[in-house]
Structures are given as structure tokens and as C-alpha cells.
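**Q** Just coords06.cif, nothing more (mmCIF, C-alpha atoms):
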data_query
loop_
_atom_site.group_PDB
_atom_site.id
_atom_site.type_symbol
_atom_site.label_atom_id
_atom_site.label_comp_id
_atom_site.auth_asym_id
_atom_site.auth_seq_id
_atom_site.Cartn_x
_atom_site.Cartn_y
_atom_site.Cartn_z
ATOM 1 C CA MET V 207 31.974 22.013 6.529
ATOM 2 C CA SER V 208 31.065 21.284 2.917
ATOM 3 C CA VAL V 209 28.297 19.365 1.253
ATOM 4 C CA ILE V 210 29.141 16.826 -1.424
ATOM 5 C CA GLN V 211 26.576 16.425 -4.143
ATOM 6 C CA CYS V 212 26.162 12.935 -5.570
ATOM 7 C CA ASP V 213 25.115 13.494 -9.171
ATOM 8 C CA TYR V 214 26.573 10.181 -10.292
ATOM 9 C CA LEU V 215 23.545 8.110 -9.218
ATOM 10 C CA PRO V 216 20.779 7.906 -11.816
ATOM 11 C CA ASP V 217 17.323 9.115 -10.877
ATOM 12 C CA ARG V 218 15.250 6.115 -9.918
ATOM 13 C CA GLN V 219 12.114 5.811 -11.995
ATOM 14 C CA PRO V 220 9.175 3.791 -10.672
ATOM 15 C CA GLU V 221 8.425 0.607 -12.563
ATOM 16 C CA PRO V 222 5.668 1.161 -15.105
ATOM 17 C CA ILE V 223 2.376 -0.605 -14.491
ATOM 18 C CA PRO V 224 1.166 -2.594 -17.519
ATOM 19 C CA LEU V 225 -1.843 -0.950 -19.162
ATOM 20 C CA PRO V 226 -4.358 -3.778 -18.507
ATOM 21 C CA LEU V 227 -3.471 -3.774 -14.808
ATOM 22 C CA ALA V 228 -3.582 0.042 -14.650
ATOM 23 C CA ALA V 229 -7.081 -0.010 -16.158
ATOM 24 C CA ARG V 230 -8.245 -2.523 -13.549
ATOM 25 C CA ILE V 231 -6.733 -0.436 -10.764
ATOM 26 C CA ALA V 232 -8.473 2.691 -12.075
ATOM 27 C CA ARG V 233 -11.842 0.889 -12.247
ATOM 28 C CA ALA V 234 -11.441 -0.513 -8.725
ATOM 29 C CA ALA V 235 -10.479 2.889 -7.323
ATOM 30 C CA ALA V 236 -13.402 4.584 -9.083
ATOM 31 C CA ALA V 237 -15.785 1.995 -7.643
ATOM 32 C CA GLU V 238 -14.366 2.636 -4.163
ATOM 33 C CA GLY V 239 -14.844 6.385 -4.665
ATOM 34 C CA GLU V 240 -18.460 5.877 -5.768
ATOM 35 C CA ARG V 241 -19.142 3.636 -2.776
ATOM 36 C CA ILE V 242 -17.745 6.228 -0.381
ATOM 37 C CA GLU V 243 -19.715 8.978 -2.122
ATOM 38 C CA ARG V 244 -23.016 7.078 -1.760
ATOM 39 C CA GLN V 245 -22.245 6.270 1.859
ATOM 40 C CA THR V 246 -21.315 9.877 2.624
ATOM 41 C CA ILE V 247 -24.449 11.269 0.978
ATOM 42 C CA GLY V 248 -26.629 9.031 3.116
ATOM 43 C CA GLN V 249 -24.804 9.873 6.326
ATOM 44 C CA ALA V 250 -24.594 13.604 5.575
ATOM 45 C CA THR V 251 -28.309 13.718 4.725
ATOM 46 C CA ARG V 252 -29.226 12.135 8.054
ATOM 47 C CA GLU V 253 -26.911 14.508 9.936
ATOM 48 C CA ALA V 254 -28.194 17.579 8.067
ATOM 49 C CA LEU V 255 -31.809 16.731 8.852
ATOM 50 C CA GLU V 256 -30.935 16.384 12.552
ATOM 51 C CA VAL V 257 -28.807 19.531 12.885
ATOM 52 C CA LEU V 258 -30.079 22.161 10.461
ATOM 53 C CA PRO V 259 -33.202 24.217 11.152
ATOM 54 C CA PRO V 260 -36.331 23.055 9.290
ATOM 55 C CA ASP V 261 -36.487 26.257 7.217
ATOM 56 C CA THR V 262 -32.996 25.733 5.696
ATOM 57 C CA SER V 263 -33.061 25.890 1.915
ATOM 58 C CA PRO V 264 -33.077 22.403 0.336
ATOM 59 C CA ALA V 265 -30.699 23.698 -2.361
ATOM 60 C CA LEU V 266 -28.183 24.768 0.286
ATOM 61 C CA ILE V 267 -28.418 21.404 2.024
ATOM 62 C CA ALA V 268 -27.942 19.558 -1.265
ATOM 63 C CA ARG V 269 -24.941 21.714 -2.209
ATOM 64 C CA LEU V 270 -23.241 21.162 1.173
ATOM 65 C CA ILE V 271 -23.871 17.416 1.103
ATOM 66 C CA ALA V 272 -22.665 17.049 -2.496
ATOM 67 C CA HIS V 273 -19.480 19.010 -1.820
ATOM 68 C CA ARG V 274 -18.620 16.909 1.229
ATOM 69 C CA ALA V 275 -19.431 13.633 -0.525
ATOM 70 C CA VAL V 276 -17.344 14.443 -3.595
ATOM 71 C CA THR V 277 -14.394 15.592 -1.487
ATOM 72 C CA LEU V 278 -14.389 12.397 0.576
ATOM 73 C CA ALA V 279 -14.881 10.246 -2.519
ATOM 74 C CA ASP V 280 -11.945 11.892 -4.289
ATOM 75 C CA ARG V 281 -9.702 11.295 -1.281
ATOM 76 C CA ALA V 282 -10.791 7.662 -1.054
ATOM 77 C CA GLU V 283 -10.163 7.143 -4.765
ATOM 78 C CA ASP V 284 -6.686 8.685 -4.557
ATOM 79 C CA ARG V 285 -5.835 6.543 -1.538
ATOM 80 C CA ALA V 286 -7.116 3.389 -3.252
ATOM 81 C CA ILE V 287 -5.051 4.100 -6.373
ATOM 82 C CA GLU V 288 -1.918 4.696 -4.331
ATOM 83 C CA GLU V 289 -2.363 1.503 -2.310
ATOM 84 C CA LEU V 290 -3.185 -0.651 -5.348
ATOM 85 C CA VAL V 291 -0.305 0.711 -7.435
ATOM 86 C CA THR V 292 2.155 0.153 -4.589
ATOM 87 C CA ALA V 293 0.937 -3.410 -4.092
ATOM 88 C CA ALA V 294 0.964 -4.085 -7.852
ATOM 89 C CA ARG V 295 4.554 -2.882 -8.203
ATOM 90 C CA ARG V 296 5.621 -5.019 -5.260
ATOM 91 C CA HIS V 297 4.019 -8.127 -6.797
ATOM 92 C CA LEU V 298 5.361 -7.391 -10.291
ATOM 93 C CA ARG V 299 8.913 -7.139 -8.896
ATOM 94 C CA THR V 300 8.581 -10.702 -7.621
ATOM 95 C CA GLY V 301 8.018 -11.894 -11.187
ATOM 96 C CA LEU V 302 4.257 -12.506 -11.122
ATOM 97 C CA ASP V 303 2.377 -11.910 -14.346
ATOM 98 C CA VAL V 304 -0.344 -9.280 -14.731
ATOM 99 C CA GLY V 305 -3.216 -11.741 -14.384
ATOM 100 C CA GLU V 306 -1.838 -13.189 -11.166
ATOM 101 C CA VAL V 307 -1.242 -9.720 -9.710
ATOM 102 C CA ALA V 308 -4.821 -8.684 -10.592
ATOM 103 C CA ARG V 309 -6.158 -11.826 -8.926
ATOM 104 C CA LEU V 310 -4.104 -11.220 -5.778
ATOM 105 C CA LEU V 311 -5.343 -7.650 -5.559
ATOM 106 C CA GLY V 312 -8.948 -8.681 -6.106
ATOM 107 C CA LEU V 313 -9.269 -6.797 -9.387
#
Take the structure I supplied and represent it as C-alpha cells, if you would.
**A**
Amino acid sequence: MSVIQCDYLPDRQPEPIPLPLAARIARAAAAEGERIERQTIGQATREALEVLPPDTSPALIARLIAHRAVTLADRAEDRAIEELVTAARRHLRTGLDVGEVARLLGL
């Protein structure tokens, strides 16, 4: 049995996102990341105070909370960017202009 390679099809490139829309998407994703980070810090602080012994170093607690909050915020920001870019490309393919796409995405 042999494998046939199909080199005759061009590599499909994703449609570029116009710069003004990309900037709005980046701002919205950063805001989502900041919101998640604040939320995580509050929740992690409450959990740390309940679970950790009272003599635990405040610097250690702060370092653990900050690491967890930043990690979750980064993931949320990446996910938000991916979802917004996918939705923007889908709307742009239908012929909508940048302003209309931004309005539909709540940007």
C-alpha cells in the first residue's frame, strides 16, 4: 500500500484580522484576564486563610496566591483571544464591516 502526497493544494492561511478589531480584541481579552486574576486572588486568599496553619509565612502565601492567579488569568486571556478571533473571522467572512463585528462581539 502506498501513500499519495497532495502537494498541489495551497496551504490555507487564516484571514487576517484588521488592526482596529485586533486591538479591541486584545483589550477585551486583557480585561477578562484581569477580572479573573482579581477574582482568583480573592478566592485563593480566603482558601489559604482557611487551610494553611496560622504560622505560615505571609510571603509564601502571597507568592502561592500570585502564581495561581497569574496562571489562571493567562489561560483565561488566551481562551478569550481565541474565541473572539474565531468569532471575528466568522463575521468578517459574511461581509460585515469592522465596526459591526466589534459591536456584535461587544467590543
**Q** Around all listed atoms of range 254-263 of chain V, padded 3 Å per side, what centre and edge lengths does the axis-aligned box have in Å to one decimal, as lines of an AutoDock Vina configuration file?
**A**
center_x = -32.3
center_y = 21.3
center_z = 7.4
size_x = 14.3
size_y = 15.9
size_z = 17.0
**Q** Running the PyMOL selection byres ((chain V and resi 217-230) around 10) on this model by hand, what would come out? Give it as an mmCIF file with C-alpha atoms, in the frame of the given file.
**A**
data_model
loop_
_atom_site.group_PDB
_atom_site.id
_atom_site.type_symbol
_atom_site.label_atom_id
_atom_site.label_comp_id
_atom_site.auth_asym_id
_atom_site.auth_seq_id
_atom_site.Cartn_x
_atom_site.Cartn_y
_atom_site.Cartn_z
ATOM 1 C CA ASP V 213 25.115 13.494 -9.171
ATOM 2 C CA TYR V 214 26.573 10.181 -10.292
ATOM 3 C CA LEU V 215 23.545 8.110 -9.218
ATOM 4 C CA PRO V 216 20.779 7.906 -11.816
ATOM 5 C CA ILE V 231 -6.733 -0.436 -10.764
ATOM 6 C CA ALA V 232 -8.473 2.691 -12.075
ATOM 7 C CA ARG V 233 -11.842 0.889 -12.247
ATOM 8 C CA ALA V 234 -11.441 -0.513 -8.725
ATOM 9 C CA ALA V 235 -10.479 2.889 -7.323
ATOM 10 C CA ALA V 236 -13.402 4.584 -9.083
ATOM 11 C CA ILE V 287 -5.051 4.100 -6.373
ATOM 12 C CA LEU V 290 -3.185 -0.651 -5.348
ATOM 13 C CA VAL V 291 -0.305 0.711 -7.435
ATOM 14 C CA THR V 292 2.155 0.153 -4.589
ATOM 15 C CA ALA V 294 0.964 -4.085 -7.852
ATOM 16 C CA ARG V 295 4.554 -2.882 -8.203
ATOM 17 C CA ARG V 296 5.621 -5.019 -5.260
ATOM 18 C CA LEU V 298 5.361 -7.391 -10.291
ATOM 19 C CA ARG V 299 8.913 -7.139 -8.896
ATOM 20 C CA ASP V 303 2.377 -11.910 -14.346
ATOM 21 C CA VAL V 304 -0.344 -9.280 -14.731
ATOM 22 C CA GLY V 305 -3.216 -11.741 -14.384
ATOM 23 C CA VAL V 307 -1.242 -9.720 -9.710
ATOM 24 C CA ALA V 308 -4.821 -8.684 -10.592
ATOM 25 C CA LEU V 311 -5.343 -7.650 -5.559
ATOM 26 C CA GLY V 312 -8.948 -8.681 -6.106
ATOM 27 C CA LEU V 313 -9.269 -6.797 -9.387
#
**Q** How many Å separate CA of Ala279 in chain V from CA of Glu243 in chain V?
**A** 5.0 Å
**Q** Applied to this file, what does the PyMOL selection byres ((chain V and resi 259-273) around 12) return in terms of residues, put as a PDB file with C-alpha atoms, in the coordinates of the input?
**A**
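Resulting contents of selection_1.pdb:
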ATOM      1  CA  GLU V 243     -19.715   8.978  -2.122  1.00  0.00           C
ATOM      2  CA  ARG V 244     -23.016   7.078  -1.760  1.00  0.00           C
ATOM      3  CA  GLN V 245     -22.245   6.270   1.859  1.00  0.00           C
ATOM      4  CA  THR V 246     -21.315   9.877   2.624  1.00  0.00           C
ATOM      5  CA  ILE V 247     -24.449  11.269   0.978  1.00  0.00           C
ATOM      6  CA  GLY V 248     -26.629   9.031   3.116  1.00  0.00           C
ATOM      7  CA  GLN V 249     -24.804   9.873   6.326  1.00  0.00           C
ATOM      8  CA  ALA V 250     -24.594  13.604   5.575  1.00  0.00           C
ATOM      9  CA  THR V 251     -28.309  13.718   4.725  1.00  0.00           C
ATOM     10  CA  ARG V 252     -29.226  12.135   8.054  1.00  0.00           C
ATOM     11  CA  GLU V 253     -26.911  14.508   9.936  1.00  0.00           C
ATOM     12  CA  ALA V 254     -28.194  17.579   8.067  1.00  0.00           C
ATOM     13  CA  LEU V 255     -31.809  16.731   8.852  1.00  0.00           C
ATOM     14  CA  GLU V 256     -30.935  16.384  12.552  1.00  0.00           C
ATOM     15  CA  VAL V 257     -28.807  19.531  12.885  1.00  0.00           C
ATOM     16  CA  LEU V 258     -30.079  22.161  10.461  1.00  0.00           C
ATOM     17  CA  ARG V 274     -18.620  16.909   1.229  1.00  0.00           C
ATOM     18  CA  ALA V 275     -19.431  13.633  -0.525  1.00  0.00           C
ATOM     19  CA  VAL V 276     -17.344  14.443  -3.595  1.00  0.00           C
ATOM     20  CA  THR V 277     -14.394  15.592  -1.487  1.00  0.00           C
ATOM     21  CA  LEU V 278     -14.389  12.397   0.576  1.00  0.00           C
ATOM     22  CA  ALA V 279     -14.881  10.246  -2.519  1.00  0.00           C
ATOM     23  CA  ASP V 280     -11.945  11.892  -4.289  1.00  0.00           C
TER      24      ASP V 280
END
**Q** Where does the PyMOL selection byres ((chain V and resi 239) around 6) land in this file, that is, which residues does it pick, as a ChimeraX atom specification?
**A** /V:236-238,240-242,279,282-283
**Q** Using the atoms already present, construct N, CA and C atoms for range 274-305 of chain V and hand them back as a compact mmCIF listing (two decimals), in the frame of the given file.
**A**
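Saved the output as selection-v8.txt:
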# COMPACT_ATOMS: atom_id res chain seq x y z
N ARG V 274 -19.29 17.79 0.26
CA ARG V 274 -18.62 16.91 1.23
C ARG V 274 -18.46 15.51 0.66
N ALA V 275 -19.49 14.99 0.02
CA ALA V 275 -19.43 13.63 -0.52
C ALA V 275 -18.37 13.52 -1.62
N VAL V 276 -18.32 14.49 -2.50
CA VAL V 276 -17.34 14.44 -3.60
C VAL V 276 -15.92 14.56 -3.06
N THR V 277 -15.73 15.43 -2.07
CA THR V 277 -14.39 15.59 -1.49
C THR V 277 -13.92 14.28 -0.86
N LEU V 278 -14.77 13.66 -0.06
CA LEU V 278 -14.39 12.40 0.58
C LEU V 278 -14.19 11.29 -0.45
N ALA V 279 -15.01 11.26 -1.48
CA ALA V 279 -14.88 10.25 -2.52
C ALA V 279 -13.57 10.41 -3.28
N ASP V 280 -13.21 11.65 -3.59
CA ASP V 280 -11.94 11.89 -4.29
C ASP V 280 -10.76 11.44 -3.45
N ARG V 281 -10.79 11.74 -2.17
CA ARG V 281 -9.70 11.30 -1.28
C ARG V 281 -9.62 9.78 -1.22
N ALA V 282 -10.77 9.12 -1.12
CA ALA V 282 -10.79 7.66 -1.05
C ALA V 282 -10.26 7.06 -2.35
N GLU V 283 -10.63 7.64 -3.47
CA GLU V 283 -10.16 7.14 -4.76
C GLU V 283 -8.65 7.31 -4.90
N ASP V 284 -8.14 8.46 -4.51
CA ASP V 284 -6.69 8.68 -4.56
C ASP V 284 -5.94 7.69 -3.67
N ARG V 285 -6.47 7.48 -2.47
CA ARG V 285 -5.84 6.54 -1.54
C ARG V 285 -5.86 5.12 -2.09
N ALA V 286 -7.00 4.73 -2.68
CA ALA V 286 -7.12 3.39 -3.25
C ALA V 286 -6.14 3.19 -4.40
N ILE V 287 -6.00 4.20 -5.26
CA ILE V 287 -5.05 4.10 -6.37
C ILE V 287 -3.64 3.93 -5.85
N GLU V 288 -3.27 4.76 -4.88
CA GLU V 288 -1.92 4.70 -4.33
C GLU V 288 -1.63 3.32 -3.72
N GLU V 289 -2.56 2.81 -2.95
CA GLU V 289 -2.36 1.50 -2.31
C GLU V 289 -2.29 0.38 -3.34
N LEU V 290 -3.18 0.41 -4.34
CA LEU V 290 -3.18 -0.65 -5.35
C LEU V 290 -1.94 -0.60 -6.23
N VAL V 291 -1.51 0.60 -6.60
CA VAL V 291 -0.30 0.71 -7.44
C VAL V 291 0.92 0.23 -6.67
N THR V 292 1.03 0.60 -5.40
CA THR V 292 2.15 0.15 -4.59
C THR V 292 2.17 -1.37 -4.48
N ALA V 293 1.02 -1.95 -4.20
CA ALA V 293 0.94 -3.41 -4.09
C ALA V 293 1.23 -4.08 -5.43
N ALA V 294 0.73 -3.50 -6.53
CA ALA V 294 0.96 -4.08 -7.85
C ALA V 294 2.45 -4.07 -8.18
N ARG V 295 3.11 -2.95 -7.93
CA ARG V 295 4.55 -2.88 -8.20
C ARG V 295 5.33 -3.90 -7.36
N ARG V 296 4.95 -4.06 -6.13
CA ARG V 296 5.62 -5.02 -5.26
C ARG V 296 5.46 -6.44 -5.82
N HIS V 297 4.26 -6.79 -6.25
CA HIS V 297 4.02 -8.13 -6.80
C HIS V 297 4.72 -8.32 -8.15
N LEU V 298 4.71 -7.27 -8.98
CA LEU V 298 5.36 -7.39 -10.29
C LEU V 298 6.87 -7.59 -10.14
N ARG V 299 7.47 -6.97 -9.13
CA ARG V 299 8.91 -7.14 -8.90
C ARG V 299 9.26 -8.58 -8.53
N THR V 300 8.31 -9.31 -7.99
CA THR V 300 8.58 -10.70 -7.62
C THR V 300 8.48 -11.63 -8.83
N GLY V 301 8.07 -11.08 -9.98
CA GLY V 301 8.02 -11.89 -11.19
C GLY V 301 6.64 -12.42 -11.54
N LEU V 302 5.61 -12.04 -10.80
CA LEU V 302 4.26 -12.51 -11.12
C LEU V 302 3.78 -11.83 -12.40
N ASP V 303 2.93 -12.53 -13.14
CA ASP V 303 2.38 -11.91 -14.35
C ASP V 303 1.17 -11.04 -13.98
N VAL V 304 0.71 -10.26 -14.95
CA VAL V 304 -0.34 -9.28 -14.73
C VAL V 304 -1.62 -9.94 -14.22
N GLY V 305 -2.00 -11.05 -14.80
CA GLY V 305 -3.22 -11.74 -14.38
C GLY V 305 -3.15 -12.20 -12.93
